[in-house]
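Engineer: Quick one: the structure is below, and I'll ask about it shortly.
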Amino acid sequence: MELGASLRQKVLNDILPLVEKPGRYIGGEHNSVSKPWDSVSTRFLFAFPDVYDVGMSYLGLRVLYHLINQREDALCERAFAPWPDMEALMRSNGIPLYSLESFTPARRFDIIGFTLQYELNYTNVLNMLDLSNIPVRSSDRDESHPLIIAGGPVVYNPEPMADFIDAFVIGDGEEVINEILDMMASNDRSRDRLGLLKELAQIEGVYVPRFYDIRYSGLSVSSFSADAGVPDRIVPRRVRDLESVPFPDEVIVPLVDTVHDRAMVELFRGCTRGCRFCQAGIIYRPVRERRPETVRKHVLSQLDSTGYNEVSLMSLSSADYSSIEALIGSLAGDCDSRKVTVSLPSLRVDSFSIGLANRLQGLRKSSITFAPEAGTQRMRDVINKNVTEDDLMEAARAAFAHGWTTIKLYFMIGLPFETDEDVLGIAELAHKVIDQGRQVIRDAGGNPGRAKVHVSVASFVPKPHTPFQWVRQDSREEFERKIGLLRRSIRSRAIKLSWNDPDISLLEAALSRGDRRVGNVIEKAWSMGCRFDGWDELFEPEKWWDAFRSCEIDPEYIGTTDRDVSSTLPWDHISTGVSKSFLLAELRRAERGETTPDCRSDRCTGCGVCPSLEVSTVLSTGGTADA
Amino acid sequence: MPRVRIRMHKLGRYAYLSHLDMVRVLERAIRRAGLRLAYSQGFNPHPKISFGAPLAVGVTSTCEVADVEFDGSVSPDEIINKLNEQLPEGMKVDKAVLIDRRAKSLMSEIAAARYIIRMTLAGPELGQLEDSIKQLLDRDQLLLEKTRDGDVKVVDVRPYILDMKAMAGETLQIEACLRTGSKGNLRPDDLVTVMRQYGVLPPETIGVRIHRIELLVERDGRLVSAI
Ligand code: SF4
């Protein structure tokens, strides 16, 4: 019997009757692609280091899966992290990590590609390698093992995972994945792994950490050297025009419920609003829009090929799409007659966005979410969140008037240059929103008691490549003190306050700005049993702190120390295209409370991406900013 | 708006789908097939699809029966052909019939279901099994402990076993017809528990697999196939 077939039988017959949510592990979805194993020369396993329900909601998987399977010489299958109950049964029954399409052991693939969306998935990567019977450390692997590559937003600081990943792919994946597959097709990879990696390192955007010797002192790099023949600095990949890369219509339709179980079409990539805490706002620059006709075509054909009854128009801020009104107008008739709802993720804080949401959601109104991020105007200027109190009040008024009764407000505390006034400003703002809601509902003859506000507060985590990459994060004590302050200042019973676990933020900070030495900690934490660290119910902070201690690394020090702006940071050899001098200038402007406009609608503000990566803003209405 | 009763398979890996998953899969297959589903009115319109007697996750079936309402005219043959183009092997539709719109809901009509229980690995001998089933059915009472919301209840399930016999197939198997629905209900996995409890299945029996082959409704006091 074929290896895949006997594995499948064992899993289906003996393992799955015993696990929770077995539908995660069966494959067999509509539009999944099963190519004969021997019909291609390169087999790629797309590995998502979280559960199926999360991974299947990720747009990048849909894009790359489709793109690779379109090639004649390659196939792409999928694997996700098994939940601990499944993992235990797999281990006790000798079942390796397998692909959902053909139940082929992961180890038999030529390439395993991980997508790293979130630092708290790192231990799952190690666990998935181990479940595949592949050594977790790159240096312990040889020609008999698949090539282990990784991409995604967090690889802009690849160092914490550098010991485990053979090659990182920095930036937009659509073009570079084809170059990697072309190279694989022409390379006799059974012979010389080092040679293969050298060749891979020649591809723009590919970083092979073993060719770089990096030494540290304190939190900064003291010496850096690259082997001969590999670049000193990694230039990220950026697709110039999204119209030129394929977008999938025949997307896999999960059989079981997933987090975002709907059609998704990407409107544009990039956001230049310039929020200073936001890494996505840097690493996807500049704004590149698809044309509304293209979006419309993909919406309709994706709905046809999936049977979904909901489509999400994706981007970092969909109301900013320059043709949004025209697009929504052109979709309205088709979507109505098909009983399809259209949704826009991440709403902007203004009445225009509320108007859009109202048109789209019709009668289905539960709660609506705004992210003013900070409680006072001064603080919002510091972070360059271009939202005024008037904008928020207007948006809230519109939302209550359209029938929403619960407004969720997202804030961060521990932002740089924050004072207690800024923290208290959050409570003040929430009270104003509640008052506004009561007023509007009362005026409309309703019961004002129905107005509710949920305030959700996260501890700010400074991220690499942002203007705040040098600044410290609040310690746990500071965070808790500020939460206490906030709690005491909330007087209304209609306001609910929630905050996230400070331990999670501390760990996230230590991992996201960590250097290569943090790899030992990740391996240690994994070997102590840490998995799914982003899941509250499975997160075990004590194990992590033990792991840090045993590696003699202080996570609080990484997180809560200001860095010298003249030092070399552990991720400086990875370029985003944005210049360090721009980031520093932004930090200075933050300190002075000065804002920076959006280059999409205004002049180029000189971040450096366009000239250095030879790209430019692409608006579907034809406008561009001159860089 | 025609109401159509369809019969679907749920085999192989698809046994692991839940009742809600089945509804979703069917809804999307119908939409892809270009057939027009009828939707409920109201804030949150949902498709008019209702399966009778949902199975536990892990149970296979050649008799998943659902009533589906369509918007506009459709023929049963068209439904079978178009849906099967959209459904995977293991979830095919093998029968569809138009039913009266005023007919009672499928859920409320279901009275019994017929199962095959297979022992794939170790189990009793055929002769031994036939004898012990006969003895089991001769009892006046078959008590089963059921835990619901923490409370333990003892139920007499003997009246819910309508018939039961051992058969030799590829492997040793039992066919049983069990009461299903609001007027008494015995789940096939509970029958397995009862069989273990009363020694019909010796403790070493492993690899028990349950498969549904028929759903029955009551018409004029007689049990007939739901489709
Ligand atoms: S280089 Fe100028 S136009 Fe281009 S993204 Fe940066 S600020 Fe905007």
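Chain labels A, B, ... are given in the sequence in which chains occur in the structure tokens; within each chain residues are numbered consecutively from 1, and ligands are likewise numbered from 1 in the order shown.
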Kindly work out which residues sit at most 9 Å from ligand 1, using only C-alpha atoms and all ligand atoms, and give the list as a count of residues only.

Structural biologist: 31

Engineer: Mind listing as a ChimeraX atom specification which residues of chain A are within 10 Å of chain B, counting only C-alpha atoms?

Structural biologist: /A:8-9,11-14,16-18,21-31,253-257,303-309,338-339,362-365

Engineer: Dump N, CA and C atoms for the selected residues as a tab-separated table (two decimals), in the first residue's frame?

Structural biologist:
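out_0.tsv, freshly written:
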chain	number	residue	atom	x	y	z
A	8	ARG	N	-3.29	7.41	5.99
A	8	ARG	CA	-4.65	7.94	6.01
A	8	ARG	C	-5.58	6.98	6.75
A	9	GLN	N	-5.41	5.67	6.45
A	9	GLN	CA	-6.30	4.71	7.08
A	9	GLN	C	-6.12	4.70	8.60
A	11	VAL	N	-4.97	7.11	10.49
A	11	VAL	CA	-5.48	8.35	11.08
A	11	VAL	C	-7.00	8.31	11.15
A	12	LEU	N	-7.62	7.96	10.02
A	12	LEU	CA	-9.09	8.00	9.98
A	12	LEU	C	-9.70	6.96	10.91
A	13	ASN	N	-9.12	5.78	10.95
A	13	ASN	CA	-9.75	4.72	11.73
A	13	ASN	C	-9.41	4.74	13.21
A	14	ASP	N	-8.15	5.00	13.51
A	14	ASP	CA	-7.73	4.80	14.90
A	14	ASP	C	-7.56	6.09	15.69
A	16	LEU	N	-8.64	9.62	14.73
A	16	LEU	CA	-9.65	10.68	14.74
A	16	LEU	C	-10.87	10.41	15.62
A	17	PRO	N	-11.27	9.13	15.83
A	17	PRO	CA	-12.40	8.96	16.75
A	17	PRO	C	-12.10	9.50	18.14
A	18	LEU	N	-10.84	9.73	18.45
A	18	LEU	CA	-10.47	10.10	19.81
A	18	LEU	C	-10.16	11.59	19.99
A	21	LYS	N	-12.70	18.02	17.50
A	21	LYS	CA	-12.73	18.61	16.17
A	21	LYS	C	-11.93	17.83	15.11
A	22	PRO	N	-12.30	16.57	14.90
A	22	PRO	CA	-11.53	15.76	13.94
A	22	PRO	C	-11.56	16.32	12.52
A	23	GLY	N	-12.57	17.11	12.20
A	23	GLY	CA	-12.68	17.66	10.86
A	23	GLY	C	-11.49	18.52	10.44
A	24	ARG	N	-10.69	18.94	11.43
A	24	ARG	CA	-9.48	19.72	11.13
A	24	ARG	C	-8.42	18.89	10.41
A	25	TYR	N	-8.51	17.59	10.54
A	25	TYR	CA	-7.38	16.76	10.12
A	25	TYR	C	-7.68	15.86	8.93
A	26	ILE	N	-8.79	16.11	8.23
A	26	ILE	CA	-9.20	15.13	7.21
A	26	ILE	C	-8.95	15.56	5.77
A	27	GLY	N	-8.73	16.84	5.51
A	27	GLY	CA	-8.56	17.29	4.11
A	27	GLY	C	-9.86	17.07	3.34
A	28	GLY	N	-9.73	16.86	2.04
A	28	GLY	CA	-10.91	16.52	1.23
A	28	GLY	C	-11.86	17.66	0.96
A	29	GLU	N	-11.38	18.91	1.08
A	29	GLU	CA	-12.26	20.05	0.85
A	29	GLU	C	-12.43	20.33	-0.65
A	30	HIS	N	-13.52	21.00	-0.96
A	30	HIS	CA	-13.77	21.44	-2.33
A	30	HIS	C	-12.65	22.40	-2.73
A	31	ASN	N	-12.15	22.23	-3.95
A	31	ASN	CA	-11.06	23.06	-4.50
A	31	ASN	C	-9.67	22.75	-3.93
A	253	VAL	N	-12.61	25.45	0.12
A	253	VAL	CA	-13.75	25.73	0.98
A	253	VAL	C	-13.71	24.75	2.15
A	254	PRO	N	-13.37	25.21	3.34
A	254	PRO	CA	-13.26	24.28	4.47
A	254	PRO	C	-14.58	23.56	4.75
A	255	LEU	N	-14.46	22.36	5.25
A	255	LEU	CA	-15.65	21.59	5.60
A	255	LEU	C	-16.13	21.95	7.00
A	256	VAL	N	-15.18	22.35	7.84
A	256	VAL	CA	-15.54	22.69	9.22
A	256	VAL	C	-15.43	24.20	9.39
A	257	ASP	N	-16.02	24.69	10.45
A	257	ASP	CA	-16.05	26.11	10.69
A	257	ASP	C	-14.63	26.65	10.92
A	303	LEU	N	-17.04	33.71	-5.62
A	303	LEU	CA	-18.34	33.28	-5.08
A	303	LEU	C	-18.86	32.09	-5.88
A	304	ASP	N	-18.72	32.15	-7.21
A	304	ASP	CA	-19.18	31.04	-8.04
A	304	ASP	C	-18.45	29.75	-7.73
A	305	SER	N	-17.16	29.85	-7.51
A	305	SER	CA	-16.41	28.61	-7.38
A	305	SER	C	-16.39	28.08	-5.94
A	306	THR	N	-16.88	28.86	-4.99
A	306	THR	CA	-16.87	28.38	-3.60
A	306	THR	C	-18.26	28.15	-3.03
A	307	GLY	N	-19.23	28.93	-3.50
A	307	GLY	CA	-20.55	28.84	-2.88
A	307	GLY	C	-20.65	29.64	-1.59
A	308	TYR	N	-19.65	30.43	-1.29
A	308	TYR	CA	-19.71	31.25	-0.07
A	308	TYR	C	-20.85	32.25	-0.17
A	309	ASN	N	-21.38	32.66	0.99
A	309	ASN	CA	-22.40	33.70	0.97
A	309	ASN	C	-21.92	35.00	1.61
A	338	ARG	N	-27.70	37.33	-5.08
A	338	ARG	CA	-27.13	36.05	-4.64
A	338	ARG	C	-27.22	35.86	-3.13
A	339	LYS	N	-27.83	36.80	-2.44
A	339	LYS	CA	-27.90	36.74	-0.98
A	339	LYS	C	-26.49	36.66	-0.38
A	362	GLY	N	-26.61	46.10	6.33
A	362	GLY	CA	-28.06	46.13	6.34
A	362	GLY	C	-28.61	45.99	7.74
A	363	LEU	N	-29.38	44.93	7.95
A	363	LEU	CA	-30.06	44.82	9.23
A	363	LEU	C	-29.26	44.10	10.31
A	364	ARG	N	-28.18	43.47	9.87
A	364	ARG	CA	-27.42	42.67	10.84
A	364	ARG	C	-26.50	43.54	11.66
A	365	LYS	N	-26.97	44.02	12.78
A	365	LYS	CA	-26.10	44.91	13.55
A	365	LYS	C	-25.89	44.38	14.95

Engineer: Pick from B:Leu143, B:Val200, B:Ile110, B:Val155: nearest to Val224 in chain B, with only C-alpha atoms counted?

Structural biologist: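 Of B:Leu143, B:Val200, B:Ile110, B:Val155, the one nearest Val224 in chain B, counting only C-alpha atoms, is B:Ile110.
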
Engineer: Check range 7-120 of chain B with DSSP on the backbone and list each residue it calls helix (DSSP H, G or I), as an MDAnalysis selection string.

Structural biologist: chainID B and resid 12:16 19:32 76:86 106:109

Engineer: Write out as a PyMOL selection string the set of residues from chain B that DSSP, computed on the backbone, places in strand (DSSP E or B).

Structural biologist: chain B and resi 3-10+37+39+47+49-51+60-70+93-99+110-119+143-148+151-156+161-168+172-179+208-219+222-225

Engineer: Which residues, written as a PyMOL selection string, have at least one atom at most 9 Å from Ile210 in chain B, with only C-alpha atoms counted and residues fewer than 4 positions away on the same chain left out?

Structural biologist: chain B and resi 58-61+115-118+188-189

Engineer: The selected residues should be written to file as a JSON list (two decimals), in the first residue's frame (atoms: N, CA, C and O atoms).

Structural biologist:
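Saved to selection-v5.json:
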[["chain", "number", "residue", "atom", "x", "y", "z"],
["B", 58, "GLY", "N", -18.29, 10.96, 13.51],
["B", 58, "GLY", "CA", -17.56, 9.70, 13.44],
["B", 58, "GLY", "C", -18.40, 8.55, 12.92],
["B", 58, "GLY", "O", -17.87, 7.49, 12.60],
["B", 59, "VAL", "N", -19.73, 8.74, 12.84],
["B", 59, "VAL", "CA", -20.62, 7.68, 12.34],
["B", 59, "VAL", "C", -20.80, 7.87, 10.83],
["B", 59, "VAL", "O", -21.05, 8.97, 10.37],
["B", 60, "THR", "N", -20.64, 6.78, 10.09],
["B", 60, "THR", "CA", -20.85, 6.87, 8.64],
["B", 60, "THR", "C", -22.30, 6.58, 8.31],
["B", 60, "THR", "O", -23.05, 6.06, 9.14],
["B", 61, "SER", "N", -22.70, 6.92, 7.09],
["B", 61, "SER", "CA", -24.10, 6.75, 6.74],
["B", 61, "SER", "C", -24.27, 6.73, 5.23],
["B", 61, "SER", "O", -23.56, 7.43, 4.50],
["B", 115, "TYR", "N", -29.28, 0.69, 11.67],
["B", 115, "TYR", "CA", -27.81, 0.79, 11.70],
["B", 115, "TYR", "C", -27.16, -0.56, 11.46],
["B", 115, "TYR", "O", -27.74, -1.61, 11.77],
["B", 116, "ILE", "N", -25.94, -0.50, 10.99],
["B", 116, "ILE", "CA", -25.08, -1.68, 10.96],
["B", 116, "ILE", "C", -23.94, -1.41, 11.93],
["B", 116, "ILE", "O", -23.31, -0.35, 11.86],
["B", 117, "ILE", "N", -23.73, -2.34, 12.83],
["B", 117, "ILE", "CA", -22.63, -2.19, 13.78],
["B", 117, "ILE", "C", -21.60, -3.26, 13.45],
["B", 117, "ILE", "O", -21.91, -4.45, 13.44],
["B", 118, "ARG", "N", -20.40, -2.82, 13.10],
["B", 118, "ARG", "CA", -19.36, -3.77, 12.68],
["B", 118, "ARG", "C", -18.29, -3.87, 13.74],
["B", 118, "ARG", "O", -17.97, -2.89, 14.40],
["B", 188, "PRO", "N", -27.15, 4.75, 18.58],
["B", 188, "PRO", "CA", -26.45, 3.49, 18.32],
["B", 188, "PRO", "C", -25.25, 3.28, 19.25],
["B", 188, "PRO", "O", -24.96, 2.16, 19.64],
["B", 189, "ASP", "N", -24.56, 4.37, 19.62],
["B", 189, "ASP", "CA", -23.42, 4.18, 20.52],
["B", 189, "ASP", "C", -23.90, 3.75, 21.90],
["B", 189, "ASP", "O", -23.21, 3.01, 22.61]]

Engineer: Can you tell me, as a PyMOL selection string, what residues are no more than 9 Å from Asp190 in chain B when counting only C-alpha atoms, ignoring any on the same chain fewer than 4 positions away?

Structural biologist: chain B and resi 144+146+186+194-195

Engineer: Write out the residues from the selection above, keeping C-alpha atoms, as a short mmCIF file (atom, residue, chain, number, x, y, z; two decimals), in the first residue's frame.

Structural biologist:
data_model
loop_
_atom_site.label_atom_id
_atom_site.label_comp_id
_atom_site.auth_asym_id
_atom_site.auth_seq_id
_atom_site.Cartn_x
_atom_site.Cartn_y
_atom_site.Cartn_z
CA LEU B 144 -28.79 2.08 30.63
CA LYS B 146 -27.25 8.09 31.12
CA LEU B 186 -31.78 5.24 21.39
CA VAL B 194 -25.79 -1.77 26.48
CA MET B 195 -24.35 -4.69 24.52
#

Engineer: Point out the residue among B:Asn185, B:Asn81, B:Ser50, B:Gln173 with the least atom-to-atom distance to Gly127 in chain B, counting only C-alpha atoms.

Structural biologist: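 Looking at the shortest contact to Gly127 in chain B, the residue is B:Gln173.
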
Engineer: So what do you get for CA of Arg196 in chain B versus CA of Met167 in chain B, distance-wise?

Structural biologist: 17.9 Å

Engineer: Just give me the gap between CA of Glu125 in chain B and CA of Arg212 in chain B in Å, one decimal is fine.

Structural biologist: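 Atom-to-atom, CA of Glu125 in chain B and CA of Arg212 in chain B are spaced 22.9 Å apart.
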
Engineer: With only C-alpha atoms as the atoms that count, which of B:Leu191, B:Leu83, B:Ala103, B:Ala111 lies nearest to Ile133 in chain B?

Structural biologist: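 Among the listed residues, B:Leu191 lies closest to Ile133 in chain B.
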
Engineer: With a distance cut-off of 7 Å and only C-alpha atoms, select the neighbouring residues of range 217-223 of chain A, excluding the residue or stretch itself and same-chain residues fewer than 6 positions from it, and output the selection as a PyMOL selection string.

Structural biologist: chain A and resi 567-570

Engineer: Print the selection's residues with C-alpha atoms to a file, as a compact mmCIF listing (two decimals), in the first residue's frame.

Structural biologist:
# COMPACT_ATOMS: atom_id res chain seq x y z
CA SER A 567 23.53 51.41 17.58
CA THR A 568 23.16 48.61 15.04
CA LEU A 569 19.95 46.79 15.80
CA PRO A 570 19.69 43.01 15.48

Engineer: List the spatial neighbours of Ser330 in chain A as a compact mmCIF listing (two decimals) with C-alpha atoms, in the first residue's frame - criterion: any atom at most 10 Å away, only C-alpha atoms, same-chain residues fewer than 4 positions off excluded.

Structural biologist:
# COMPACT_ATOMS: atom_id res chain seq x y z
CA PRO A 292 -12.17 47.88 -9.19
CA GLU A 293 -13.02 45.85 -12.31
CA ARG A 296 -15.29 42.75 -8.99
CA ILE A 324 -14.52 52.05 -2.65
CA GLU A 325 -17.85 53.73 -3.38
CA ALA A 326 -17.81 52.79 -7.05
CA ASP A 334 -25.01 40.98 -7.82
CA CYS A 335 -24.53 40.44 -4.13

Engineer: For Val235 in chain A, work out the shell of residues within 8 Å, counting only C-alpha atoms and skipping chain neighbours fewer than 2 positions away, then give it as a PyMOL selection string.

Structural biologist: chain A and resi 170+204-205+233+237+574-577+613

Engineer: Return the single residue from A:Val155, A:Leu415, A:Ala590, A:Cys551 that is closest to Leu116 in chain A, with distances computed using only C-alpha atoms.

Structural biologist: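 Residue with the minimum atom-to-atom distance to Leu116 in chain A: A:Val155.
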